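Data block below; observations after.
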Amino acid sequence: MTERLTRNQLARLVAQDIPSGAYVNLGIGQPTLVSDYLTPSQNVTLHTENGMLGMGPAAEGDELDEDLINAGKIPVTELPGASYFHHADSFGMMRGGHLDVCVLGAFQVSVAGDLANWHTGDPNDIPAVGGAMDLAIGAKDVFVMMNLLTRDGRSKLVEACTYPLTGVGCVTRIFTDMAVLLVTPDGIRVRDTYGCTFEELLRLVDLPLLAPERESMLKA
Amino acid sequence: MTERLTRNQLARLVAQDIPSGAYVNLGIGQPTLVSDYLTPSQNVTLHTENGMLGMGPAAEGDELDEDLINAGKIPVTELPGASYFHHADSFGMMRGGHLDVCVLGAFQVSVAGDLANWHTGDPNDIPAVGGAMDLAIGAKDVFVMMNLLTRDGRSKLVEACTYPLTGVGCVTRIFTDMAVLLVTPDGIRVRDTYGCTFEELLRLVDLPLLAPERESMLKA
Amino acid sequence: MLTIHDDVDEAVSEITDGAIVLIGGFGKAGQPIELIEALLRRGSRNLTVVSNNAGNGTVGLAALIGAGRVAKIICSFPRQSDSELFDAKFRAAEIELELVPQGNLAERIRAAGSGIGGFFTPTGYGTMLAAGKETRMIDGRGFVLESPIRADFALIKALKADGVGNLVYRKTARNFGPIMASAAAHTIVQVSELVETGGLDPENVVTPGIFVNSVVVVPAQITSNGSTEVAR
Amino acid sequence: MLTIHDDVDEAVSEITDGAIVLIGGFGKAGQPIELIEALLRRGSRNLTVVSNNAGNGTVGLAALIGAGRVAKIICSFPRQSDSELFDAKFRAAEIELELVPQGNLAERIRAAGSGIGGFFTPTGYGTMLAAGKETRMIDGRGFVLESPIRADFALIKALKADGVGNLVYRKTARNFGPIMASAAAHTIVQVSELVETGGLDPENVVTPGIFVNSVVVVPAQITSNGSTEVAR
């Protein structure tokens, strides 16, 4: 039996699923870890919503430039072949379906691929959506990266989201510390499990899931 | 009594009515004559629908460049301070109301300022609209330049257009060889007459027109 | 992923019968003549072409129309002094014409590229070109609902591409290129020059490579008067 | 007609109480700090501000909000690690918040600038941010009707202007500048440098001068690490 995945193992697993030559948006926060595991031979081009293609790694030392930041407002660098454009063009690029993959965090994902990741619904919270809704409906493939369970052990994969939605039926693949799951027309199919068996996973999420089509393998 | 205006006198009259510092589109055909009468002190910037601000005079000799043409596909030149942009931006500039004046030819203009200038309605004609409808509704002021009468003596200023419309209620000022007319909320007001008296003009057009507020003067 | 093709015939080899094809250019400026003539050689039939004009003289789009390959054209200004090949097909009712005001044509293409499902435009309101379309009064002004124009292919012309497909254009030959590149499933670009990746200033890229699938170099020649002319 | 102002206070002198003001920037990048602080000194009240964020730290937009000058903000991402001045006003119910998904915010501003009366966007469909809005199924997909955001003024930051107001920007500080410039009745730009007319390549102009009413130079300083920082 395999182990649950660490955040870095999960990031590597996501990176391995990004097709060669893809245009990818990694949002903010945890998904940005994925960039550390993209290989040069994958030839992936990173998009940042604030108007850039060809984003490079985080800036360090002399590279710091307050005019060159990513969606999380972190200073980054520019790679050869980069381009800059304004916000309407940047979001037109997303909304128009030109990005191959985006990777987002999530509070909840439903079995229909609905995503909740922007607002807990707590009336005391100050809501902030940013580009989350645009990314959720824009990319050809929307990958979610999250822990399978909340801190108190409830499944974040749910029959229907209880948190406010970010997008309807938009998620295509779900990467968690305990399983990688594919959203298919027939339902959620388990691709791999980590640190649990398929049967244990079923009990944890308490949802009907389709069994893996092949033996579970630890890829990360 | 004054004389009817020639095409060049009419063009000069239009040019004199263009405010200093204005952004102007002169369409194609007769209205492009107006550019010959704009003075440097007017500091007018010309827009061409095919993606340029700061258009200069027609190109001659070594200036000819097939990549630098105006809306009539005539080679033109570039002035200092020019800029190029794509078609959606160029027509956004029109539609968004950023041009101060456009000058268009017309088959007919109605007393309500409706414009007909793109199609005779003859089923044997191949229709072509180009940017006429965008210009008609886009500029802050839409000036029309035309002969007042058709070749067979009928008024092109009409109660209601019989030719297919280009735009509804869009014309603000009408420059003809026999009169300059202002479209106002109260109706069409005659500003000046040329080669006819106000009373003669009324008989020619057979429409109620508001009398000039001052004595008619030959300005051209 | 960008493919750099050796010749124009290879570049258009995936265009099938019945395809919807955006073709750049305003008159001759920016018209990808060599790509269009490669499409003519390829022989694809029953095409729907979206382009501002309906061809000039006997080359490029005019030749494609003259050869009967275009079942329908969506354009703003088909009638020109040298559009006799289109004129003949139109009068013979051998080509369908959808006439669209130029700014609506541009915005419909831009809408397709940027994922907009439809938009209200004031252009054409109250005219026969809005006949049958949904209209709405907004703040006291009439608007017409227009829909995106998506395409299978775009054929455009640019000045330079780099190794990832970033493009820059030249003067008013830019026209429909950037929006058409964004609105097609497969965008094919003829350029005068291919430069190394990093050879275009990121501030000055007009079409980012994400919109470009195929690039082919068709060298331009400098004519005696200093203007550029593409080699035949 | 372009006016070139001697200082930022003169540049914002026409902004009255109750004005709708677009303010450029994504976080600090492209935020016209000096223009905003001039607006703060001017004392205009009851403003509606449209900006991606709701201010950072205690300068610029944050200071304007902190001083109680902003009655309403339309933005996509007010909550940040250093947005405490906004947070306090929001929790005290002293500022109205209209939260808009970032791409819809950008497209609504672009629609205002380009004369579009409204557009159908898939972003936000089925979420609480589309509550009460008109929706429509188009080709089997849900869309929300969004309306343009027009403004009285825009305050933006660019790298250079020439004598007719053409602008170029710097890296990701471009962000909302070009679309905001097009959507306001009066656009005020702070630039690091004013160059002579003809000093910007017409191919590389990002915002044509037609969208710019006022320019003021706020020189940038090169910091020790090579990045630029605007002089205070």
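Following the order of the structure tokens, chains are lettered A, B, ..., residues in each are numbered from 1, and ligands are numbered from 1.
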
Could you give me, as a Markdown table, every chain D residue with an atom at most 8 Å from chain A, plus its closest atom pair and distance in Å to one decimal, counting only C-alpha atoms, rows ordered by chain then number?
| residue | atom | partner | partner_atom | distance |
| --- | --- | --- | --- | --- |
| D:Phe26 | CA | A:Asn50 | CA | 7.1 |
| D:Gly27 | CA | A:Lys73 | CA | 6.5 |
| D:Lys28 | CA | A:Glu66 | CA | 7.4 |
| D:Ala29 | CA | A:Asp67 | CA | 5.0 |
| D:Gly30 | CA | A:Asp67 | CA | 7.1 |
| D:Asn52 | CA | A:Gly130 | CA | 7.9 |
| D:Ser76 | CA | A:Gly130 | CA | 4.7 |
| D:Phe77 | CA | A:Ala128 | CA | 4.4 |
| D:Pro78 | CA | A:Ala128 | CA | 5.8 |
| D:Arg79 | CA | A:Ala128 | CA | 5.8 |
| D:Asp87 | CA | A:Ile126 | CA | 7.5 |
| D:Phe90 | CA | A:Ile126 | CA | 8.0 |
| D:Leu99 | CA | A:Ala128 | CA | 7.2 |
| D:Val100 | CA | A:Val129 | CA | 7.4 |
| D:Pro101 | CA | A:Gly130 | CA | 5.7 |
| D:Gln102 | CA | A:Gly131 | CA | 4.9 |
| D:Gly103 | CA | A:Phe91 | CA | 5.1 |
| D:Ala106 | CA | A:Ala88 | CA | 5.1 |
| D:Glu107 | CA | A:Ala88 | CA | 5.6 |
| D:Arg110 | CA | A:Ala88 | CA | 6.7 |
| D:Pro122 | CA | A:Ile137 | CA | 7.0 |
| D:Thr123 | CA | A:Asp134 | CA | 5.3 |
| D:Gly124 | CA | A:Met133 | CA | 5.9 |
| D:Tyr125 | CA | A:Gly167 | CA | 7.0 |
| D:Gly126 | CA | A:Val168 | CA | 6.3 |
| D:Thr127 | CA | A:Leu165 | CA | 5.3 |
| D:Met128 | CA | A:Pro164 | CA | 6.8 |
| D:Arg170 | CA | A:Asp67 | CA | 6.6 |
| D:Lys171 | CA | A:Leu68 | CA | 5.8 |
| D:Thr172 | CA | A:Leu68 | CA | 5.2 |
| D:Ala173 | CA | A:Asp67 | CA | 5.1 |
| D:Arg174 | CA | A:His86 | CA | 5.9 |
| D:Asn175 | CA | A:His86 | CA | 4.6 |
| D:Phe176 | CA | A:His87 | CA | 5.4 |
| D:Gly177 | CA | A:His86 | CA | 7.4 |
| D:Pro178 | CA | A:His86 | CA | 6.6 |
| D:Ile179 | CA | A:Ala88 | CA | 7.1 |
| D:Asn225 | CA | A:Asp62 | CA | 4.7 |
| D:Gly226 | CA | A:Asp62 | CA | 6.5 |
| D:Ser227 | CA | A:Asp65 | CA | 4.6 |
| D:Thr228 | CA | A:Asp65 | CA | 6.9 |
| D:Glu229 | CA | A:Glu66 | CA | 7.7 |

* **Contact residues (chain D, partner chain C, 6 Å, only C-alpha atoms) as an NGL selection string** => :D and (116-121 or 204)

Apply DSSP to the structure's backbone, then extract all residues of segment 3-47 of chain B labelled alpha helix (DSSP H) and return them as a PDB file with N, CA and C atoms, in the first residue's frame.
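Ended up saving to selection.pdb:
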ATOM      1  N   ARG B   7     -17.656  71.706 -55.483  1.00  0.00           N
ATOM      2  CA  ARG B   7     -17.245  70.633 -54.554  1.00  0.00           C
ATOM      3  C   ARG B   7     -16.102  71.088 -53.650  1.00  0.00           C
ATOM      4  N   ASN B   8     -15.176  71.847 -54.213  1.00  0.00           N
ATOM      5  CA  ASN B   8     -14.045  72.294 -53.410  1.00  0.00           C
ATOM      6  C   ASN B   8     -14.449  73.366 -52.408  1.00  0.00           C
ATOM      7  N   GLN B   9     -15.354  74.273 -52.814  1.00  0.00           N
ATOM      8  CA  GLN B   9     -15.842  75.275 -51.855  1.00  0.00           C
ATOM      9  C   GLN B   9     -16.581  74.599 -50.700  1.00  0.00           C
ATOM     10  N   LEU B  10     -17.334  73.574 -51.046  1.00  0.00           N
ATOM     11  CA  LEU B  10     -18.075  72.833 -50.026  1.00  0.00           C
ATOM     12  C   LEU B  10     -17.098  72.142 -49.051  1.00  0.00           C
ATOM     13  N   ALA B  11     -16.052  71.561 -49.618  1.00  0.00           N
ATOM     14  CA  ALA B  11     -15.060  70.893 -48.777  1.00  0.00           C
ATOM     15  C   ALA B  11     -14.398  71.881 -47.825  1.00  0.00           C
ATOM     16  N   ARG B  12     -14.136  73.100 -48.341  1.00  0.00           N
ATOM     17  CA  ARG B  12     -13.521  74.115 -47.479  1.00  0.00           C
ATOM     18  C   ARG B  12     -14.478  74.509 -46.352  1.00  0.00           C
ATOM     19  N   LEU B  13     -15.747  74.617 -46.681  1.00  0.00           N
ATOM     20  CA  LEU B  13     -16.756  74.990 -45.683  1.00  0.00           C
ATOM     21  C   LEU B  13     -16.833  73.923 -44.572  1.00  0.00           C
ATOM     22  N   VAL B  14     -16.801  72.666 -44.968  1.00  0.00           N
ATOM     23  CA  VAL B  14     -16.809  71.583 -43.970  1.00  0.00           C
ATOM     24  C   VAL B  14     -15.563  71.690 -43.098  1.00  0.00           C
ATOM     25  N   ALA B  15     -14.424  71.895 -43.743  1.00  0.00           N
ATOM     26  CA  ALA B  15     -13.154  71.966 -42.998  1.00  0.00           C
ATOM     27  C   ALA B  15     -13.207  73.078 -41.955  1.00  0.00           C
ATOM     28  N   GLN B  16     -13.819  74.209 -42.327  1.00  0.00           N
ATOM     29  CA  GLN B  16     -13.890  75.333 -41.383  1.00  0.00           C
ATOM     30  C   GLN B  16     -14.757  75.005 -40.169  1.00  0.00           C
TER      31      GLN B  16
END

* Asked: If we count only C-alpha atoms, what is near Leu47 of chain D at a cut-off of 12 Å, once residues fewer than 3 positions away on the same chain are taken out, given as number ranges by chain?
  -> D: 15-23, 39-40, 43-44, 50, 61, 64-65, 67-74, 95-96, 151-153

Write the selection just made, keeping N, CA, C and O atoms, as a compact mmCIF listing (two decimals), in the first residue's frame?
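The resulting file, out-v2.txt, is reproduced below:
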# COMPACT_ATOMS: atom_id res chain seq x y z
N ILE D 15 -11.96 66.81 -10.90
CA ILE D 15 -12.73 65.69 -10.34
C ILE D 15 -13.61 66.18 -9.20
O ILE D 15 -13.11 66.65 -8.18
N THR D 16 -14.92 66.06 -9.41
CA THR D 16 -15.87 66.62 -8.46
C THR D 16 -16.41 65.54 -7.53
O THR D 16 -16.24 64.34 -7.77
N ASP D 17 -17.09 65.97 -6.49
CA ASP D 17 -17.79 65.04 -5.60
C ASP D 17 -18.75 64.18 -6.43
O ASP D 17 -19.38 64.67 -7.37
N GLY D 18 -18.86 62.92 -6.07
CA GLY D 18 -19.81 62.04 -6.74
C GLY D 18 -19.34 61.46 -8.05
O GLY D 18 -20.08 60.72 -8.70
N ALA D 19 -18.13 61.77 -8.45
CA ALA D 19 -17.63 61.27 -9.75
C ALA D 19 -17.42 59.76 -9.72
O ALA D 19 -17.14 59.17 -8.67
N ILE D 20 -17.56 59.14 -10.89
CA ILE D 20 -17.19 57.74 -11.08
C ILE D 20 -15.77 57.73 -11.64
O ILE D 20 -15.51 58.34 -12.68
N VAL D 21 -14.86 57.07 -10.93
CA VAL D 21 -13.44 57.14 -11.28
C VAL D 21 -12.86 55.74 -11.46
O VAL D 21 -12.90 54.92 -10.53
N LEU D 22 -12.34 55.47 -12.65
CA LEU D 22 -11.60 54.24 -12.89
C LEU D 22 -10.16 54.45 -12.42
O LEU D 22 -9.56 55.47 -12.75
N ILE D 23 -9.64 53.50 -11.68
CA ILE D 23 -8.25 53.63 -11.21
C ILE D 23 -7.48 52.38 -11.62
O ILE D 23 -7.82 51.26 -11.23
N LEU D 39 -5.74 63.37 -5.66
CA LEU D 39 -7.20 63.35 -5.51
C LEU D 39 -7.58 63.39 -4.04
O LEU D 39 -8.56 64.06 -3.65
N LEU D 40 -6.79 62.71 -3.22
CA LEU D 40 -7.02 62.75 -1.77
C LEU D 40 -6.84 64.18 -1.26
O LEU D 40 -7.69 64.70 -0.51
N GLY D 43 -9.74 66.47 -2.09
CA GLY D 43 -10.85 66.37 -1.13
C GLY D 43 -12.18 65.93 -1.71
O GLY D 43 -13.19 65.97 -0.99
N SER D 44 -12.22 65.51 -2.96
CA SER D 44 -13.49 65.08 -3.56
C SER D 44 -14.08 63.93 -2.75
O SER D 44 -13.38 63.01 -2.35
N VAL D 50 -13.70 52.36 -9.46
CA VAL D 50 -13.64 51.07 -10.14
C VAL D 50 -12.17 50.70 -10.26
O VAL D 50 -11.41 51.42 -10.91
N LEU D 61 -4.78 54.20 -3.35
CA LEU D 61 -6.20 53.88 -3.21
C LEU D 61 -6.57 53.54 -1.77
O LEU D 61 -7.65 53.90 -1.30
N LEU D 64 -7.11 56.75 0.06
CA LEU D 64 -8.35 57.40 -0.38
C LEU D 64 -9.56 56.75 0.31
O LEU D 64 -10.48 57.43 0.77
N ILE D 65 -9.53 55.42 0.38
CA ILE D 65 -10.61 54.69 1.05
C ILE D 65 -10.58 54.97 2.55
O ILE D 65 -11.62 55.24 3.16
N ALA D 67 -9.63 57.51 4.07
CA ALA D 67 -10.08 58.87 4.39
C ALA D 67 -11.59 59.03 4.20
O ALA D 67 -12.12 60.13 4.38
N GLY D 68 -12.25 57.95 3.79
CA GLY D 68 -13.72 58.00 3.69
C GLY D 68 -14.23 58.70 2.45
O GLY D 68 -15.38 59.13 2.39
N ARG D 69 -13.41 58.79 1.42
CA ARG D 69 -13.81 59.51 0.21
C ARG D 69 -14.56 58.62 -0.79
O ARG D 69 -15.14 59.12 -1.74
N VAL D 70 -14.50 57.31 -0.56
CA VAL D 70 -15.06 56.38 -1.53
C VAL D 70 -16.37 55.80 -1.00
O VAL D 70 -16.37 55.06 -0.02
N ALA D 71 -17.47 56.16 -1.65
CA ALA D 71 -18.78 55.66 -1.20
C ALA D 71 -19.02 54.24 -1.68
O ALA D 71 -19.68 53.44 -1.02
N LYS D 72 -18.47 53.94 -2.87
CA LYS D 72 -18.71 52.63 -3.46
C LYS D 72 -17.48 52.21 -4.24
O LYS D 72 -16.85 53.03 -4.91
N ILE D 73 -17.16 50.93 -4.16
CA ILE D 73 -16.06 50.42 -4.97
C ILE D 73 -16.57 49.22 -5.78
O ILE D 73 -17.30 48.37 -5.26
N ILE D 74 -16.20 49.22 -7.05
CA ILE D 74 -16.50 48.09 -7.94
C ILE D 74 -15.17 47.43 -8.22
O ILE D 74 -14.28 48.04 -8.81
N ILE D 95 -18.61 51.54 3.30
CA ILE D 95 -18.32 51.54 1.87
C ILE D 95 -19.16 50.43 1.22
O ILE D 95 -19.32 49.35 1.80
N GLU D 96 -19.73 50.77 0.08
CA GLU D 96 -20.51 49.77 -0.66
C GLU D 96 -19.56 49.01 -1.59
O GLU D 96 -18.68 49.61 -2.22
N ALA D 151 -17.28 55.75 -17.04
CA ALA D 151 -16.81 56.58 -15.93
C ALA D 151 -16.62 58.02 -16.36
O ALA D 151 -16.51 58.33 -17.54
N ASP D 152 -16.59 58.88 -15.35
CA ASP D 152 -16.30 60.29 -15.60
C ASP D 152 -14.80 60.51 -15.81
O ASP D 152 -14.39 61.28 -16.66
N PHE D 153 -14.02 59.82 -15.00
CA PHE D 153 -12.56 59.98 -15.05
C PHE D 153 -11.87 58.63 -15.00
O PHE D 153 -12.40 57.67 -14.43

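In this structure, atom CA of Leu210 of chain B sits 23.0 Å away from atom CA of Ile18 of chain B.
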
* Selection near Glu34 of chain C, 8 Å with only C-alpha atoms, sequence-local residues under 5 positions removed, as a count of residues only -> 5

* To do: Write down as a PyMOL selection string the residues belonging to segment 127-210 of chain D that are assigned strand (DSSP E) by DSSP computed on the backbone.
  => chain D and resi 135-138+141-146+151-161+167-168+184-194

Close residues, Pro212 of chain A itself excluded, 12 Å, only C-alpha atoms, min 2 positions apart in chain, as a short mmCIF file (atom, residue, chain, number, x, y, z; two decimals) with all heavy atoms, in the first residue's frame:
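This is the output file selection-v2.cif:
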data_model
loop_
_atom_site.label_atom_id
_atom_site.label_comp_id
_atom_site.auth_asym_id
_atom_site.auth_seq_id
_atom_site.Cartn_x
_atom_site.Cartn_y
_atom_site.Cartn_z
N ALA A 179 -6.17 10.52 -3.69
CA ALA A 179 -6.65 9.94 -4.93
C ALA A 179 -6.59 10.97 -6.05
O ALA A 179 -6.72 12.17 -5.80
CB ALA A 179 -8.09 9.44 -4.79
N VAL A 180 -6.39 10.46 -7.25
CA VAL A 180 -6.59 11.29 -8.44
C VAL A 180 -7.88 10.82 -9.09
O VAL A 180 -8.08 9.61 -9.30
CB VAL A 180 -5.41 11.17 -9.41
CG1 VAL A 180 -5.71 11.91 -10.71
CG2 VAL A 180 -4.14 11.69 -8.76
N LEU A 181 -8.76 11.79 -9.38
CA LEU A 181 -10.11 11.46 -9.84
C LEU A 181 -10.39 12.18 -11.15
O LEU A 181 -10.01 13.34 -11.33
CB LEU A 181 -11.13 11.88 -8.78
CG LEU A 181 -10.85 11.33 -7.37
CD1 LEU A 181 -10.71 12.49 -6.38
CD2 LEU A 181 -11.92 10.36 -6.93
N LEU A 182 -11.06 11.47 -12.04
CA LEU A 182 -11.39 12.03 -13.34
C LEU A 182 -12.90 12.29 -13.40
O LEU A 182 -13.70 11.41 -13.04
CB LEU A 182 -11.02 11.05 -14.45
CG LEU A 182 -9.60 10.48 -14.37
CD1 LEU A 182 -9.38 9.45 -15.48
CD2 LEU A 182 -8.57 11.59 -14.45
N ILE A 188 -17.67 10.31 -11.46
CA ILE A 188 -16.28 10.48 -11.07
C ILE A 188 -15.58 9.11 -11.10
O ILE A 188 -16.01 8.17 -10.42
CB ILE A 188 -16.18 11.04 -9.63
CG1 ILE A 188 -16.94 12.35 -9.52
CG2 ILE A 188 -14.72 11.18 -9.21
CD1 ILE A 188 -16.23 13.57 -9.99
N ARG A 189 -14.51 9.01 -11.88
CA ARG A 189 -13.75 7.77 -11.93
C ARG A 189 -12.46 7.95 -11.16
O ARG A 189 -11.73 8.92 -11.35
CB ARG A 189 -13.43 7.38 -13.38
CG ARG A 189 -12.63 6.07 -13.49
CD ARG A 189 -12.41 5.61 -14.91
NE ARG A 189 -13.65 5.31 -15.61
CZ ARG A 189 -14.37 4.19 -15.45
NH1 ARG A 189 -13.96 3.25 -14.60
NH2 ARG A 189 -15.49 4.01 -16.12
N VAL A 190 -12.16 7.01 -10.28
CA VAL A 190 -10.90 7.02 -9.55
C VAL A 190 -9.80 6.52 -10.48
O VAL A 190 -9.95 5.48 -11.12
CB VAL A 190 -10.98 6.12 -8.30
CG1 VAL A 190 -9.65 6.09 -7.56
CG2 VAL A 190 -12.11 6.58 -7.38
N ARG A 191 -8.72 7.29 -10.60
CA ARG A 191 -7.60 6.85 -11.44
C ARG A 191 -6.55 6.15 -10.60
O ARG A 191 -6.06 5.09 -10.95
CB ARG A 191 -6.97 8.02 -12.19
CG ARG A 191 -6.02 7.57 -13.27
CD ARG A 191 -5.38 8.71 -14.01
NE ARG A 191 -4.38 9.41 -13.22
CZ ARG A 191 -3.66 10.43 -13.66
NH1 ARG A 191 -3.88 10.91 -14.87
NH2 ARG A 191 -2.76 11.00 -12.88
N ASP A 192 -6.20 6.76 -9.47
CA ASP A 192 -5.19 6.20 -8.58
C ASP A 192 -5.59 6.52 -7.15
O ASP A 192 -6.23 7.55 -6.90
CB ASP A 192 -3.82 6.85 -8.83
CG ASP A 192 -3.30 6.65 -10.23
OD1 ASP A 192 -2.90 5.52 -10.54
OD2 ASP A 192 -3.35 7.62 -11.02
N THR A 193 -5.18 5.66 -6.22
CA THR A 193 -5.36 5.99 -4.80
C THR A 193 -4.00 6.00 -4.12
O THR A 193 -3.06 5.34 -4.59
CB THR A 193 -6.27 4.98 -4.08
OG1 THR A 193 -5.66 3.68 -4.18
CG2 THR A 193 -7.66 4.97 -4.67
N THR A 197 -7.20 2.17 -0.03
CA THR A 197 -7.70 1.36 -1.13
C THR A 197 -8.93 2.05 -1.74
O THR A 197 -9.48 2.99 -1.15
CB THR A 197 -8.13 -0.03 -0.63
OG1 THR A 197 -9.24 0.16 0.26
CG2 THR A 197 -7.00 -0.73 0.10
N PHE A 198 -9.35 1.55 -2.87
CA PHE A 198 -10.55 2.09 -3.49
C PHE A 198 -11.75 1.98 -2.55
O PHE A 198 -12.55 2.92 -2.41
CB PHE A 198 -10.82 1.34 -4.81
CG PHE A 198 -12.11 1.73 -5.47
CD1 PHE A 198 -12.29 3.01 -5.98
CD2 PHE A 198 -13.16 0.81 -5.60
CE1 PHE A 198 -13.48 3.37 -6.60
CE2 PHE A 198 -14.35 1.18 -6.21
CZ PHE A 198 -14.51 2.46 -6.72
N GLU A 199 -11.84 0.83 -1.86
CA GLU A 199 -12.97 0.62 -0.96
C GLU A 199 -12.92 1.60 0.22
O GLU A 199 -13.95 2.14 0.64
CB GLU A 199 -12.98 -0.82 -0.45
CG GLU A 199 -13.32 -1.86 -1.52
CD GLU A 199 -12.22 -2.03 -2.60
OE1 GLU A 199 -11.04 -1.74 -2.32
OE2 GLU A 199 -12.58 -2.42 -3.73
N LEU A 201 -11.52 4.51 0.15
CA LEU A 201 -11.85 5.82 -0.43
C LEU A 201 -13.37 6.01 -0.51
O LEU A 201 -13.90 7.07 -0.15
CB LEU A 201 -11.22 5.94 -1.82
CG LEU A 201 -11.37 7.29 -2.51
CD1 LEU A 201 -10.50 8.34 -1.83
CD2 LEU A 201 -11.00 7.18 -3.99
N LEU A 209 -18.41 6.15 -6.68
CA LEU A 209 -17.29 6.49 -7.57
C LEU A 209 -17.05 5.30 -8.49
O LEU A 209 -17.27 4.15 -8.10
CB LEU A 209 -16.02 6.78 -6.78
CG LEU A 209 -16.07 7.91 -5.76
CD1 LEU A 209 -14.73 8.01 -5.02
CD2 LEU A 209 -16.40 9.24 -6.43
N LEU A 210 -16.58 5.58 -9.70
CA LEU A 210 -16.24 4.50 -10.62
C LEU A 210 -14.85 3.99 -10.30
O LEU A 210 -13.94 4.76 -10.00
CB LEU A 210 -16.29 5.01 -12.07
CG LEU A 210 -17.64 5.63 -12.49
CD1 LEU A 210 -17.54 6.28 -13.86
CD2 LEU A 210 -18.72 4.56 -12.48
N ARG A 214 -7.39 0.60 -14.22
CA ARG A 214 -6.15 -0.19 -14.17
C ARG A 214 -5.69 -0.22 -12.73
O ARG A 214 -6.26 0.45 -11.86
CB ARG A 214 -5.09 0.44 -15.06
CG ARG A 214 -4.85 1.90 -14.74
CD ARG A 214 -3.83 2.51 -15.68
NE ARG A 214 -3.76 3.96 -15.53
CZ ARG A 214 -3.16 4.58 -14.53
NH1 ARG A 214 -2.59 3.90 -13.56
NH2 ARG A 214 -3.14 5.91 -14.48
N GLU A 215 -4.65 -0.97 -12.46
CA GLU A 215 -4.10 -1.05 -11.13
C GLU A 215 -3.61 0.31 -10.67
O GLU A 215 -3.01 1.05 -11.45
CB GLU A 215 -2.92 -2.05 -11.10
CG GLU A 215 -3.38 -3.49 -11.13
CD GLU A 215 -4.25 -3.82 -9.92
OE1 GLU A 215 -3.73 -3.70 -8.78
OE2 GLU A 215 -5.43 -4.21 -10.11
N SER A 216 -3.85 0.62 -9.42
CA SER A 216 -3.34 1.86 -8.85
C SER A 216 -1.83 1.82 -8.81
O SER A 216 -1.24 0.80 -8.47
CB SER A 216 -3.90 2.02 -7.45
OG SER A 216 -3.34 3.15 -6.84
N MET A 217 -1.23 2.92 -9.17
CA MET A 217 0.24 2.99 -9.16
C MET A 217 0.65 4.28 -8.48
O MET A 217 0.02 5.31 -8.68
CB MET A 217 0.81 3.04 -10.58
CG MET A 217 0.38 1.90 -11.45
SD MET A 217 1.26 2.04 -13.03
CE MET A 217 0.58 3.57 -13.66
#
